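Source file: structure.pdb; contents: PDB, C-alpha atoms and all ligand atoms.
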ATOM      1  CA  MET Y 859     -56.462  23.623  15.470  1.00  0.00           C
ATOM      2  CA  ARG Y 860     -54.259  25.719  17.709  1.00  0.00           C
ATOM      3  CA  PHE Y 861     -53.728  22.659  19.873  1.00  0.00           C
ATOM      4  CA  HIS Y 862     -52.619  20.686  16.846  1.00  0.00           C
ATOM      5  CA  HIS Y 863     -50.106  23.398  15.927  1.00  0.00           C
ATOM      6  CA  LEU Y 864     -48.599  23.291  19.422  1.00  0.00           C
ATOM      7  CA  LYS Y 865     -48.177  19.547  19.162  1.00  0.00           C
ATOM      8  CA  THR Y 866     -46.243  19.892  15.886  1.00  0.00           C
ATOM      9  CA  GLN Y 867     -43.966  22.455  17.520  1.00  0.00           C
ATOM     10  CA  LYS Y 868     -43.291  20.094  20.389  1.00  0.00           C
ATOM     11  CA  ILE Y 869     -42.407  17.285  18.015  1.00  0.00           C
ATOM     12  CA  ILE Y 870     -39.999  19.527  16.132  1.00  0.00           C
ATOM     13  CA  ILE Y 871     -38.288  20.608  19.358  1.00  0.00           C
ATOM     14  CA  HIS Y 872     -37.971  16.966  20.382  1.00  0.00           C
ATOM     15  CA  LEU Y 873     -36.476  16.067  17.031  1.00  0.00           C
ATOM     16  CA  PHE Y 874     -33.848  18.782  17.428  1.00  0.00           C
ATOM     17  CA  THR Y 875     -32.987  17.552  20.916  1.00  0.00           C
ATOM     18  CA  VAL Y 876     -32.553  14.001  19.655  1.00  0.00           C
ATOM     19  CA  LEU Y 877     -30.446  15.170  16.708  1.00  0.00           C
ATOM     20  CA  PHE Y 878     -28.255  17.229  19.049  1.00  0.00           C
ATOM     21  CA  LEU Y 879     -27.707  14.265  21.371  1.00  0.00           C
ATOM     22  CA  ILE Y 880     -26.694  12.109  18.425  1.00  0.00           C
ATOM     23  CA  LEU Y 881     -24.341  14.707  16.964  1.00  0.00           C
ATOM     24  CA  ILE Y 882     -22.298  15.420  20.121  1.00  0.00           C
ATOM     25  CA  PRO Y 883     -20.824  11.906  20.432  1.00  0.00           C
ATOM     26  CA  LEU Y 884     -20.330  11.790  16.656  1.00  0.00           C
ATOM     27  CA  LYS Y 885     -18.212  14.934  16.854  1.00  0.00           C
ATOM     28  CA  ILE Y 886     -16.129  13.477  19.697  1.00  0.00           C
ATOM     29  CA  PHE Y 887     -15.726  10.261  17.707  1.00  0.00           C
ATOM     30  CA  ALA Y 888     -14.512  12.202  14.664  1.00  0.00           C
ATOM     31  CA  GLN Y 889     -11.860  13.897  16.805  1.00  0.00           C
ATOM     32  CA  ASP Y 890     -10.616  10.600  18.283  1.00  0.00           C
ATOM     33  CA  ASN Y 891     -10.633   9.109  14.853  1.00  0.00           C
ATOM     34  CA  ALA Y 892      -8.325  11.804  13.425  1.00  0.00           C
ATOM     35  CA  ASP Y 893      -5.803  11.226  16.228  1.00  0.00           C
ATOM     36  CA  THR Y 894      -5.985   7.465  15.705  1.00  0.00           C
ATOM     37  CA  ILE Y 895      -5.464   7.763  11.954  1.00  0.00           C
ATOM     38  CA  ILE Y 896      -2.346   9.864  12.540  1.00  0.00           C
ATOM     39  CA  THR Y 897      -1.006   7.431  15.158  1.00  0.00           C
ATOM     40  CA  TYR Y 898      -1.672   4.504  12.838  1.00  0.00           C
ATOM     41  CA  ARG Y 899       0.317   5.922   9.936  1.00  0.00           C
ATOM     42  CA  GLN Y 900       3.141   7.006  12.242  1.00  0.00           C
ATOM     43  CA  SER Y 901       3.263   3.501  13.754  1.00  0.00           C
ATOM     44  CA  LEU Y 902       3.624   1.989  10.282  1.00  0.00           C
ATOM     45  CA  MET Y 903       6.492   4.388   9.616  1.00  0.00           C
ATOM     46  CA  TYR Y 904       8.206   3.499  12.911  1.00  0.00           C
ATOM     47  CA  ASN Y 905       7.928  -0.182  11.892  1.00  0.00           C
ATOM     48  CA  LEU Y 906       9.907   0.687   8.765  1.00  0.00           C
ATOM     49  CA  GLN Y 907      12.534   2.528  10.795  1.00  0.00           C
ATOM     50  CA  ARG Y 908      12.917  -0.256  13.373  1.00  0.00           C
ATOM     51  CA  ASN Y 909      13.299  -2.951  10.722  1.00  0.00           C
ATOM     52  CA  LEU Y 910      15.818  -0.860   8.882  1.00  0.00           C
ATOM     53  CA  ASN Y 911      17.807  -0.544  12.138  1.00  0.00           C
ATOM     54  CA  SER Y 912      17.712  -4.322  12.755  1.00  0.00           C
ATOM     55  CA  ILE Y 913      18.880  -5.008   9.202  1.00  0.00           C
ATOM     56  CA  SER Y 914      21.734  -2.535   9.393  1.00  0.00           C
ATOM     57  CA  GLU Y 915      23.038  -4.011  12.704  1.00  0.00           C
ATOM     58  CA  ILE Y 916      23.237  -7.395  10.956  1.00  0.00           C
ATOM     59  CA  LEU Y 917      24.942  -5.895   7.892  1.00  0.00           C
ATOM     60  CA  LYS Y 918      27.480  -4.090  10.077  1.00  0.00           C
ATOM     61  CA  GLY Y 919      28.317  -7.471  11.609  1.00  0.00           C
ATOM     62  CA  ASN Y 920      27.255  -6.399  15.111  1.00  0.00           C
ATOM     63  CA  ILE Y 921      24.563  -9.081  15.198  1.00  0.00           C
ATOM     64  CA  ASP Y 922      25.175 -12.551  13.815  1.00  0.00           C
ATOM     65  CA  GLN Y 923      21.682 -13.288  12.473  1.00  0.00           C
ATOM     66  CA  GLN Y 924      21.977 -13.309   8.687  1.00  0.00           C
ATOM     67  CA  SER Y 925      19.134 -15.808   8.477  1.00  0.00           C
ATOM     68  CA  HIS Y 926      16.788 -13.045   9.738  1.00  0.00           C
ATOM     69  CA  LEU Y 927      17.456 -10.758   6.760  1.00  0.00           C
ATOM     70  CA  ALA Y 928      14.793 -12.164   4.427  1.00  0.00           C
ATOM     71  CA  GLY Y 929      12.104 -12.014   7.124  1.00  0.00           C
ATOM     72  CA  LEU Y 930      13.051  -8.489   8.188  1.00  0.00           C
ATOM     73  CA  ALA Y 931      12.994  -7.377   4.549  1.00  0.00           C
ATOM     74  CA  SER Y 932       9.534  -8.943   4.173  1.00  0.00           C
ATOM     75  CA  ILE Y 933       8.266  -6.988   7.170  1.00  0.00           C
ATOM     76  CA  LEU Y 934       9.623  -3.824   5.507  1.00  0.00           C
ATOM     77  CA  ASN Y 935       7.782  -4.747   2.321  1.00  0.00           C
ATOM     78  CA  ILE Y 936       4.508  -5.484   4.137  1.00  0.00           C
ATOM     79  CA  SER Y 937       4.617  -2.219   6.115  1.00  0.00           C
ATOM     80  CA  ALA Y 938       5.370  -0.343   2.883  1.00  0.00           C
ATOM     81  CA  SER Y 939       2.415  -1.984   1.144  1.00  0.00           C
ATOM     82  CA  TYR Y 940       0.028  -0.826   3.904  1.00  0.00           C
ATOM     83  CA  ALA Y 941       1.351   2.744   3.946  1.00  0.00           C
ATOM     84  CA  PRO Y 942      -0.617   4.126   0.941  1.00  0.00           C
ATOM     85  CA  ASP Y 943      -3.950   3.273   2.632  1.00  0.00           C
ATOM     86  CA  ALA Y 944      -2.761   4.859   5.869  1.00  0.00           C
ATOM     87  CA  PHE Y 945      -2.201   8.187   4.085  1.00  0.00           C
ATOM     88  CA  LYS Y 946      -5.425   8.231   2.050  1.00  0.00           C
ATOM     89  CA  GLN Y 947      -7.417  10.345   4.473  1.00  0.00           C
ATOM     90  CA  LYS Y 948      -6.494  13.953   4.997  1.00  0.00           C
ATOM     91  CA  VAL Y 949      -7.203  14.459   8.684  1.00  0.00           C
ATOM     92  CA  PRO Y 950      -7.041  17.665  10.708  1.00  0.00           C
ATOM     93  CA  ASN Y 951      -3.525  18.019  12.068  1.00  0.00           C
ATOM     94  CA  ASN Y 952      -3.528  17.255  15.803  1.00  0.00           C
ATOM     95  CA  GLY Y 953      -0.242  19.089  16.326  1.00  0.00           C
ATOM     96  CA  LYS Y 954       1.609  15.752  16.420  1.00  0.00           C
ATOM     97  CA  SER Y 955       1.570  14.924  12.721  1.00  0.00           C
ATOM     98  CA  LYS Y 956       4.593  15.785  10.598  1.00  0.00           C
ATOM     99  CA  SER Y 957       2.711  15.233   7.343  1.00  0.00           C
ATOM    100  CA  LYS Y 958       2.827  18.269   5.077  1.00  0.00           C
ATOM    101  CA  PRO Y 959      -0.557  19.270   3.614  1.00  0.00           C
ATOM    102  CA  ASN Y 960       0.968  19.104   0.100  1.00  0.00           C
ATOM    103  CA  ILE Y 961       0.601  15.274   0.304  1.00  0.00           C
ATOM    104  CA  TRP Y 962      -3.069  15.719  -0.549  1.00  0.00           C
ATOM    105  CA  GLN Y 963      -2.380  18.272  -3.280  1.00  0.00           C
ATOM    106  CA  ASN Y 964       0.197  16.060  -5.026  1.00  0.00           C
ATOM    107  CA  GLN Y 965      -1.389  12.705  -4.315  1.00  0.00           C
ATOM    108  CA  ASP Y 966      -0.175  11.168  -7.593  1.00  0.00           C
ATOM    109  CA  ASP Y 967       3.454  11.997  -6.888  1.00  0.00           C
ATOM    110  CA  PHE Y 968       3.148  10.939  -3.240  1.00  0.00           C
ATOM    111  CA  ASN Y 969       1.708   7.588  -4.360  1.00  0.00           C
ATOM    112  CA  LEU Y 970       4.543   7.154  -6.868  1.00  0.00           C
ATOM    113  CA  GLU Y 971       7.008   7.498  -3.980  1.00  0.00           C
ATOM    114  CA  MET Y 972       5.045   4.896  -2.019  1.00  0.00           C
ATOM    115  CA  GLN Y 973       4.826   2.503  -4.981  1.00  0.00           C
ATOM    116  CA  SER Y 974       8.547   2.850  -5.479  1.00  0.00           C
ATOM    117  CA  LEU Y 975       9.134   1.920  -1.801  1.00  0.00           C
ATOM    118  CA  ILE Y 976       6.940  -1.175  -2.218  1.00  0.00           C
ATOM    119  CA  ARG Y 977       8.908  -2.201  -5.343  1.00  0.00           C
ATOM    120  CA  GLU Y 978      12.358  -1.559  -3.867  1.00  0.00           C
ATOM    121  CA  THR Y 979      11.579  -3.451  -0.641  1.00  0.00           C
ATOM    122  CA  ALA Y 980      10.221  -6.389  -2.687  1.00  0.00           C
ATOM    123  CA  GLU Y 981      13.568  -6.404  -4.501  1.00  0.00           C
ATOM    124  CA  LEU Y 982      15.276  -6.432  -1.085  1.00  0.00           C
ATOM    125  CA  VAL Y 983      13.356  -9.604  -0.141  1.00  0.00           C
ATOM    126  CA  LYS Y 984      14.479 -11.287  -3.390  1.00  0.00           C
ATOM    127  CA  LEU Y 985      18.136 -10.420  -2.801  1.00  0.00           C
ATOM    128  CA  ALA Y 986      17.960 -11.661   0.817  1.00  0.00           C
ATOM    129  CA  GLU Y 987      16.591 -14.964  -0.436  1.00  0.00           C
ATOM    130  CA  SER Y 988      19.378 -15.264  -3.012  1.00  0.00           C
ATOM    131  CA  ASN Y 989      21.952 -14.721  -0.218  1.00  0.00           C
ATOM    132  CA  ASP Y 990      23.786 -12.037  -2.208  1.00  0.00           C
ATOM    133  CA  ILE Y 991      24.851  -9.857   0.721  1.00  0.00           C
ATOM    134  CA  LYS Y 992      26.661  -7.316  -1.433  1.00  0.00           C
ATOM    135  CA  ALA Y 993      23.678  -6.709  -3.696  1.00  0.00           C
ATOM    136  CA  PHE Y 994      21.428  -6.693  -0.621  1.00  0.00           C
ATOM    137  CA  SER Y 995      23.473  -3.923   1.013  1.00  0.00           C
ATOM    138  CA  ALA Y 996      23.416  -1.857  -2.169  1.00  0.00           C
ATOM    139  CA  GLN Y 997      19.638  -2.295  -2.404  1.00  0.00           C
ATOM    140  CA  LEU Y 998      19.231  -1.177   1.214  1.00  0.00           C
ATOM    141  CA  GLY Y 999      20.908   2.061   0.148  1.00  0.00           C
ATOM    142  CA  VAL Y1000      18.317   2.469  -2.621  1.00  0.00           C
ATOM    143  CA  VAL Y1001      15.517   1.933  -0.074  1.00  0.00           C
ATOM    144  CA  GLY Y1002      17.062   4.495   2.290  1.00  0.00           C
ATOM    145  CA  LYS Y1003      17.202   7.065  -0.520  1.00  0.00           C
ATOM    146  CA  ASN Y1004      13.532   6.399  -1.240  1.00  0.00           C
ATOM    147  CA  CYS Y1005      12.619   7.190   2.402  1.00  0.00           C
ATOM    148  CA  ALA Y1006      14.672  10.381   2.334  1.00  0.00           C
ATOM    149  CA  SER Y1007      13.293  11.548  -1.005  1.00  0.00           C
ATOM    150  CA  CYS Y1008       9.693  11.359   0.183  1.00  0.00           C
ATOM    151  CA  HIS Y1009      10.441  12.854   3.593  1.00  0.00           C
ATOM    152  CA  LYS Y1010      12.170  15.821   1.980  1.00  0.00           C
ATOM    153  CA  LYS Y1011       9.052  16.676  -0.008  1.00  0.00           C
ATOM    154  CA  TYR Y1012       6.249  15.569   2.285  1.00  0.00           C
ATOM    155  CA  LYS Y1013       7.376  15.458   5.925  1.00  0.00           C
ATOM    156  CA  ASN Y1014       8.114  18.280   8.314  1.00  0.00           C
ATOM    157  CA  ARG Y1015      11.270  17.894  10.383  1.00  0.00           C
TER
HETATM  158  C1  LIG O1101       5.811   8.279   0.196  1.00  0.00           C
HETATM  159  C2  LIG O1101       6.373   9.033   1.281  1.00  0.00           C
HETATM  160  C3  LIG O1101       7.169   8.355   2.352  1.00  0.00           C
HETATM  161  C4  LIG O1101       8.047   7.306   2.232  1.00  0.00           C
HETATM  162  C5  LIG O1101       8.459   6.556   0.981  1.00  0.00           C
HETATM  163  C6  LIG O1101       8.551   7.055   3.570  1.00  0.00           C
HETATM  164  N1  LIG O1101       7.995   7.923   4.466  1.00  0.00           N
HETATM  165 FE1  LIG O1101       8.348   7.961   6.470  1.00  0.00          FE
HETATM  166  N2  LIG O1101       6.982   9.460   6.689  1.00  0.00           N
HETATM  167  C7  LIG O1101       6.299  10.075   5.656  1.00  0.00           C
HETATM  168  C8  LIG O1101       5.423  11.088   6.204  1.00  0.00           C
HETATM  169  C9  LIG O1101       4.497  11.985   5.413  1.00  0.00           C
HETATM  170  C10 LIG O1101       5.597  11.057   7.608  1.00  0.00           C
HETATM  171  C11 LIG O1101       4.884  11.915   8.653  1.00  0.00           C
HETATM  172  C12 LIG O1101       3.698  11.143   9.177  1.00  0.00           C
HETATM  173  C13 LIG O1101       2.893  11.937  10.186  1.00  0.00           C
HETATM  174  O1  LIG O1101       3.463  12.351  11.221  1.00  0.00           O
HETATM  175  O2  LIG O1101       1.696  12.172   9.927  1.00  0.00           O
HETATM  176  C14 LIG O1101       6.590  10.020   7.875  1.00  0.00           C
HETATM  177  C15 LIG O1101       7.036   9.684   9.141  1.00  0.00           C
HETATM  178  C16 LIG O1101       8.058   8.807   9.414  1.00  0.00           C
HETATM  179  C17 LIG O1101       8.569   8.503  10.742  1.00  0.00           C
HETATM  180  C18 LIG O1101       8.049   9.056  12.059  1.00  0.00           C
HETATM  181  C19 LIG O1101       9.029   9.941  12.736  1.00  0.00           C
HETATM  182  C20 LIG O1101       9.129  11.274  12.091  1.00  0.00           C
HETATM  183  O3  LIG O1101      10.219  11.798  11.931  1.00  0.00           O
HETATM  184  O4  LIG O1101       8.070  11.816  11.755  1.00  0.00           O
HETATM  185  C21 LIG O1101       9.584   7.609  10.574  1.00  0.00           C
HETATM  186  C22 LIG O1101      10.448   6.982  11.667  1.00  0.00           C
HETATM  187  C23 LIG O1101       9.682   7.297   9.162  1.00  0.00           C
HETATM  188  N3  LIG O1101       8.736   8.059   8.471  1.00  0.00           N
HETATM  189  C24 LIG O1101      10.574   6.410   8.598  1.00  0.00           C
HETATM  190  C25 LIG O1101      10.567   6.033   7.248  1.00  0.00           C
HETATM  191  C26 LIG O1101      11.470   5.048   6.681  1.00  0.00           C
HETATM  192  C27 LIG O1101      12.538   4.301   7.443  1.00  0.00           C
HETATM  193  C28 LIG O1101      11.147   4.949   5.358  1.00  0.00           C
HETATM  194  C29 LIG O1101      11.753   4.086   4.298  1.00  0.00           C
HETATM  195  C30 LIG O1101      11.986   2.700   4.568  1.00  0.00           C
HETATM  196  C31 LIG O1101      10.055   5.886   5.103  1.00  0.00           C
HETATM  197  N4  LIG O1101       9.743   6.522   6.276  1.00  0.00           N
HETATM  198  C32 LIG O1101       9.486   6.069   3.866  1.00  0.00           C
HETATM  199  C33 LIG O1101       6.404   9.786   4.324  1.00  0.00           C
HETATM  200  C34 LIG O1101       7.149   8.744   3.773  1.00  0.00           C
END
Encoded form using structure tokens:
Amino acid sequence: MRFHHLKTQKIIIHLFTVLFLILIPLKIFAQDNADTIITYRQSLMYNLQRNLNSISEILKGNIDQQSHLAGLASILNISASYAPDAFKQKVPNNGKSKSKPNIWQNQDDFNLEMQSLIRETAELVKLAESNDIKAFSAQLGVVGKNCASCHKKYKNR
């Protein structure tokens, strides 16, 4: 019977070794994953910024590409519509994220800000398609205020 007992002990030790070997890569994966999630949401935000810059060069008359406005506004709207998913997971801050932790304490308000951005950029697409440049410019101001309002509450400088 003693022999049998030893065998059980051996099996348990083996099980722990196997578990350990599985858990190490999982831990490394989790770390990579947090960094990737942060980079993903930041990339979406940079898309917004870049499109905003392209649009404003056209509006200032520096670039003669008015026919691009509707497409650029659509890209803004698409990026905005993906942003809520990108902020769903609270991930450990890797030192590179500017997200304030209060995002995940005030998720309803944060999502309202996001929904408002989706709505206002959809309106921008409509105005671009109707070729009303004056109304389009005014709406771009509304979108810009939306960015600033959320950043003030939820983004570190
Ligand atoms: C609902 C909230 C919200 C809205 C709306 C929003 N942002 Fe952001 N934005 C954030 C947060 C939070 C971060 C920080 C992300 C991180 O680093 O984890 C961020 C990061 C950024 C960054 C990365 C650089 C930096 O300073 O961190 C840029 C650029 C940016 N946003 C531009 C925009 C633009 C342009 C708009 C509007 C068209 C916009 N954002 C709308 C919340 C928002």
Step by step, measure atom-to-atom distances between ligand LIG 1101 (chain O) and each residue using only C-alpha atoms and all ligand atoms, keep those at most 6 Å, then write them as an NGL selection string. :Y and (896 or 900 or 903-904 or 906-907 or 955-957 or 968 or 971-972 or 975 or 1001-1002 or 1004-1005 or 1008-1009 or 1012-1013)
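Residues in contact range of stretch 945-949 of chain Y, defined as at most 7 Å between all atoms listed in the file, with sequence neighbours fewer than 6 positions away removed, read Ala892, Arg899 and Trp962 of chain Y.
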When distances are computed from only C-alpha atoms, which of Y:Leu970, Y:Phe874, Y:Gln923, Y:Glu981 shows the smallest separation from Y:Leu998?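 Ranked by minimum distance to Y:Leu998, first place goes to Y:Glu981.
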Near Y:Glu987, counting only C-alpha atoms, which residues have an atom at most 10 Å away, once you skip same-chain residues fewer than 5 positions from it, shown as a CSV table (one decimal) with C-alpha atoms, keeping the file's coordinate frame?
chain,number,residue,atom,x,y,z
Y,925,SER,CA,19.1,-15.8,8.5
Y,927,LEU,CA,17.5,-10.8,6.8
Y,928,ALA,CA,14.8,-12.2,4.4
Y,929,GLY,CA,12.1,-12.0,7.1
Y,931,ALA,CA,13.0,-7.4,4.5
Y,981,GLU,CA,13.6,-6.4,-4.5
Y,982,LEU,CA,15.3,-6.4,-1.1
Y,994,PHE,CA,21.4,-6.7,-0.6
Selection under test: the PyMOL selection byres (((chain Y and resi 917) around 12) and not hetatm); residues as a PyMOL selection string: chain Y and resi 910-916+918-927+986+990-996+998-999
Take the residues from that selection and put them in a file with C-alpha atoms, as a PDB file, keeping the file's coordinate frame.
ATOM      1  CA  LEU Y 910      15.818  -0.860   8.882  1.00  0.00           C
ATOM      2  CA  ASN Y 911      17.807  -0.544  12.138  1.00  0.00           C
ATOM      3  CA  SER Y 912      17.712  -4.322  12.755  1.00  0.00           C
ATOM      4  CA  ILE Y 913      18.880  -5.008   9.202  1.00  0.00           C
ATOM      5  CA  SER Y 914      21.734  -2.535   9.393  1.00  0.00           C
ATOM      6  CA  GLU Y 915      23.038  -4.011  12.704  1.00  0.00           C
ATOM      7  CA  ILE Y 916      23.237  -7.395  10.956  1.00  0.00           C
ATOM      8  CA  LYS Y 918      27.480  -4.090  10.077  1.00  0.00           C
ATOM      9  CA  GLY Y 919      28.317  -7.471  11.609  1.00  0.00           C
ATOM     10  CA  ASN Y 920      27.255  -6.399  15.111  1.00  0.00           C
ATOM     11  CA  ILE Y 921      24.563  -9.081  15.198  1.00  0.00           C
ATOM     12  CA  ASP Y 922      25.175 -12.551  13.815  1.00  0.00           C
ATOM     13  CA  GLN Y 923      21.682 -13.288  12.473  1.00  0.00           C
ATOM     14  CA  GLN Y 924      21.977 -13.309   8.687  1.00  0.00           C
ATOM     15  CA  SER Y 925      19.134 -15.808   8.477  1.00  0.00           C
ATOM     16  CA  HIS Y 926      16.788 -13.045   9.738  1.00  0.00           C
ATOM     17  CA  LEU Y 927      17.456 -10.758   6.760  1.00  0.00           C
ATOM     18  CA  ALA Y 986      17.960 -11.661   0.817  1.00  0.00           C
ATOM     19  CA  ASP Y 990      23.786 -12.037  -2.208  1.00  0.00           C
ATOM     20  CA  ILE Y 991      24.851  -9.857   0.721  1.00  0.00           C
ATOM     21  CA  LYS Y 992      26.661  -7.316  -1.433  1.00  0.00           C
ATOM     22  CA  ALA Y 993      23.678  -6.709  -3.696  1.00  0.00           C
ATOM     23  CA  PHE Y 994      21.428  -6.693  -0.621  1.00  0.00           C
ATOM     24  CA  SER Y 995      23.473  -3.923   1.013  1.00  0.00           C
ATOM     25  CA  ALA Y 996      23.416  -1.857  -2.169  1.00  0.00           C
ATOM     26  CA  LEU Y 998      19.231  -1.177   1.214  1.00  0.00           C
ATOM     27  CA  GLY Y 999      20.908   2.061   0.148  1.00  0.00           C
TER      28      GLY Y 999
END
Taking every listed atom of stretch 932-938 of chain Y and adding 4 Å to each side, what centre and edge lengths in Å (one decimal) does the axis-aligned box have, as AutoDock Vina command-line options?
--center_x 7.1 --center_y -4.6 --center_z 4.7 --size_x 13.1 --size_y 16.6 --size_z 12.8
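Nearest residue to Y:Asp943 among Y:Ile895, Y:Ala1006, Y:Leu985, Y:Ala980 is Y:Ile895, counting only C-alpha atoms.
Minimum atom-to-atom distances from Y:Lys954, Y:Arg1015, Y:His863, Y:His872 to Y:Thr897 were compared using only C-alpha atoms, and the lowest value belongs to Y:Lys954.
Using all atoms listed in the file, the shortest contact distance between Y:Ile976 and any of Y:Asn891, Y:Ser939, Y:Thr866, Y:Ser932 is found at Y:Ser939.
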Could you please determine the separation between atom CA of Y:Leu902 and atom CA of Y:Ala941 in Å, to one decimal place?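 Value for the atom CA of Y:Leu902-atom CA of Y:Ala941 distance: 6.8 Å.
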Atom CA of Y:Asn960 to atom CA of Y:Lys1010: how many Å, to one decimal?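 Interatomic distance here is 11.8 Å.
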What does the structure give for the distance between atom CA of Y:Arg977 and atom CA of Y:Ala938, in Å to one decimal?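 Computing the Euclidean distance for atom CA of Y:Arg977 and atom CA of Y:Ala938 yields 9.1 Å.
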Using all atoms listed in the file, find the one residue out of Y:Leu934, Y:Ile869, Y:Asp893, Y:Leu879 that sits nearest to Y:Asn952. Y:Asp893
